[in-house]
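Chemist: Following this message is one structure expressed as structure tokens.
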Amino acid sequence: MILKTVLIWMMGISFGIMVSAGVFTVLFVVGLIPRFAGRTNTARCEIFYEECIVAGSVMAGLLSIFPISGSIGQFMTSVSFSGAVLNAVLIVIGIFAGIFVGCLSIALAEVLDGIPIFARRIRLKMGLSIVVLSVALGKIVGSLIYFAENFFVP
């Protein structure tokens, strides 16, 4: 029984390493980090950005395996912080939320830049708006099906 558990544990770790290596390879080979650094004029911090992505991915992997119950709101109300500490924590959370929204908008701009290139490559003369609308509707239907199955499962 112990041998089976150790074997499953080793397989899980190795599969996780392979998947994360693939994700990191896509992020770095596509040049997403240098683009972000170029758009924000912070190319000197590129190595720091890459390290933060790796650390965030490791942290997300650990939290998906060992979930922490509760929420930040419950933690903040249970511990008595002074006003200055609470404001500092809220500022840090706000900065990270702003960075996330900024990265999301840059990624959306990159995707929108790629649509005309894709249309030219497949020689699409007419109907680009129909293709974009179809992709959007497909994403909406897929999301609704996903959330409906997860919300209504007994």
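Scheme for the structure tokens: letters A, B, ... for chains in order shown; per-chain residue numbers from 1; ligand numbers from 1 in order shown.
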So that I can see what lies close to region 45-54 of chain A, please list as a PyMOL selection string the residues with an atom at most 10 Å from it, counting only C-alpha atoms and leaving out residues fewer than 3 positions away in the same chain.

Modeler: chain A and resi 20-21+24+27-28+33-38+41-42+57-60

Chemist: Pull N, CA and C atoms from the residues just selected and write them as a PDB file, in the first residue's frame.

Modeler:
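New file again_9.pdb:
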```pdb
ATOM      1  N   SER A  20       3.371  22.227 -15.959  1.00  0.00           N
ATOM      2  CA  SER A  20       3.821  23.589 -15.669  1.00  0.00           C
ATOM      3  C   SER A  20       4.975  23.998 -16.572  1.00  0.00           C
ATOM      4  N   ALA A  21       5.846  23.074 -16.921  1.00  0.00           N
ATOM      5  CA  ALA A  21       6.925  23.402 -17.858  1.00  0.00           C
ATOM      6  C   ALA A  21       6.356  23.774 -19.214  1.00  0.00           C
ATOM      7  N   PHE A  24       4.885  27.356 -18.853  1.00  0.00           N
ATOM      8  CA  PHE A  24       5.954  28.351 -18.806  1.00  0.00           C
ATOM      9  C   PHE A  24       6.630  28.494 -20.157  1.00  0.00           C
ATOM     10  N   LEU A  27       4.441  30.643 -22.333  1.00  0.00           N
ATOM     11  CA  LEU A  27       4.506  32.047 -21.922  1.00  0.00           C
ATOM     12  C   LEU A  27       5.812  32.710 -22.341  1.00  0.00           C
ATOM     13  N   PHE A  28       6.914  31.992 -22.187  1.00  0.00           N
ATOM     14  CA  PHE A  28       8.210  32.610 -22.453  1.00  0.00           C
ATOM     15  C   PHE A  28       8.574  32.584 -23.932  1.00  0.00           C
ATOM     16  N   ILE A  33       6.012  37.959 -21.679  1.00  0.00           N
ATOM     17  CA  ILE A  33       6.634  38.777 -20.645  1.00  0.00           C
ATOM     18  C   ILE A  33       7.389  39.957 -21.259  1.00  0.00           C
ATOM     19  N   PRO A  34       8.210  39.750 -22.282  1.00  0.00           N
ATOM     20  CA  PRO A  34       8.863  40.924 -22.892  1.00  0.00           C
ATOM     21  C   PRO A  34       7.866  41.928 -23.472  1.00  0.00           C
ATOM     22  N   ARG A  35       6.738  41.443 -23.991  1.00  0.00           N
ATOM     23  CA  ARG A  35       5.723  42.379 -24.491  1.00  0.00           C
ATOM     24  C   ARG A  35       5.140  43.212 -23.372  1.00  0.00           C
ATOM     25  N   PHE A  36       4.829  42.561 -22.254  1.00  0.00           N
ATOM     26  CA  PHE A  36       4.316  43.317 -21.109  1.00  0.00           C
ATOM     27  C   PHE A  36       5.341  44.340 -20.646  1.00  0.00           C
ATOM     28  N   ALA A  37       6.589  43.914 -20.565  1.00  0.00           N
ATOM     29  CA  ALA A  37       7.642  44.834 -20.122  1.00  0.00           C
ATOM     30  C   ALA A  37       7.822  45.974 -21.122  1.00  0.00           C
ATOM     31  N   GLY A  38       7.699  45.663 -22.405  1.00  0.00           N
ATOM     32  CA  GLY A  38       7.825  46.707 -23.415  1.00  0.00           C
ATOM     33  C   GLY A  38       6.680  47.692 -23.378  1.00  0.00           C
ATOM     34  N   ASN A  41       7.144  49.920 -20.336  1.00  0.00           N
ATOM     35  CA  ASN A  41       8.461  50.579 -20.257  1.00  0.00           C
ATOM     36  C   ASN A  41       9.239  50.170 -19.010  1.00  0.00           C
ATOM     37  N   THR A  42       9.165  48.885 -18.661  1.00  0.00           N
ATOM     38  CA  THR A  42       9.888  48.370 -17.495  1.00  0.00           C
ATOM     39  C   THR A  42      10.718  47.154 -17.890  1.00  0.00           C
ATOM     40  N   SER A  57       2.701  30.694  -9.913  1.00  0.00           N
ATOM     41  CA  SER A  57       2.213  29.396 -10.392  1.00  0.00           C
ATOM     42  C   SER A  57       2.451  28.303  -9.358  1.00  0.00           C
ATOM     43  N   VAL A  58       3.597  28.337  -8.726  1.00  0.00           N
ATOM     44  CA  VAL A  58       3.884  27.355  -7.667  1.00  0.00           C
ATOM     45  C   VAL A  58       2.911  27.538  -6.508  1.00  0.00           C
ATOM     46  N   MET A  59       2.661  28.792  -6.125  1.00  0.00           N
ATOM     47  CA  MET A  59       1.731  29.071  -5.038  1.00  0.00           C
ATOM     48  C   MET A  59       0.312  28.615  -5.405  1.00  0.00           C
ATOM     49  N   ALA A  60      -0.108  28.876  -6.646  1.00  0.00           N
ATOM     50  CA  ALA A  60      -1.440  28.435  -7.078  1.00  0.00           C
ATOM     51  C   ALA A  60      -1.533  26.915  -7.093  1.00  0.00           C
TER      52      ALA A  60
END
```

Chemist: Could you list, as a count of residues only, every residue within 12 Å of region 108-112 of chain A, counting only C-alpha atoms and ignoring same-chain residues fewer than 4 positions away?

Modeler: 15

Chemist: Figure out the distance between CA of Ile122 (chain A) and CA of Ser134 (chain A), please, to one decimal in Å.

Modeler: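 CA of Ile122 (chain A) lies 16.5 Å from CA of Ser134 (chain A).
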
Chemist: Please return as a PyMOL selection string: the residues of chain A that backbone DSSP assigns to alpha helix (DSSP H).

Modeler: chain A and resi 2-30+32-39+46-65+72-78+83-121+128-151

Chemist: Separation of CA of Gly61 (chain A) and CA of Gly16 (chain A), in Å?

Modeler: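 Between these atoms lies a distance of 8.7 Å.
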
Chemist: When you draw a straight line from CA of Val141 (chain A) to CA of Asp113 (chain A), how long is it in Å?

Modeler: 24.2 Å

Chemist: Excluding same-chain residues fewer than 6 positions from Ile99 (chain A), what lies within 12 Å of it counting only C-alpha atoms, as a PyMOL selection string?

Modeler: chain A and resi 36+40+49+92-93+105-106

Chemist: Pick from A:Gly142, A:Val89, A:Met10, A:Ile115: nearest to Ser129 (chain A), with only C-alpha atoms counted?

Modeler: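 That would be A:Ile115, the residue with the smallest distance to Ser129 (chain A).
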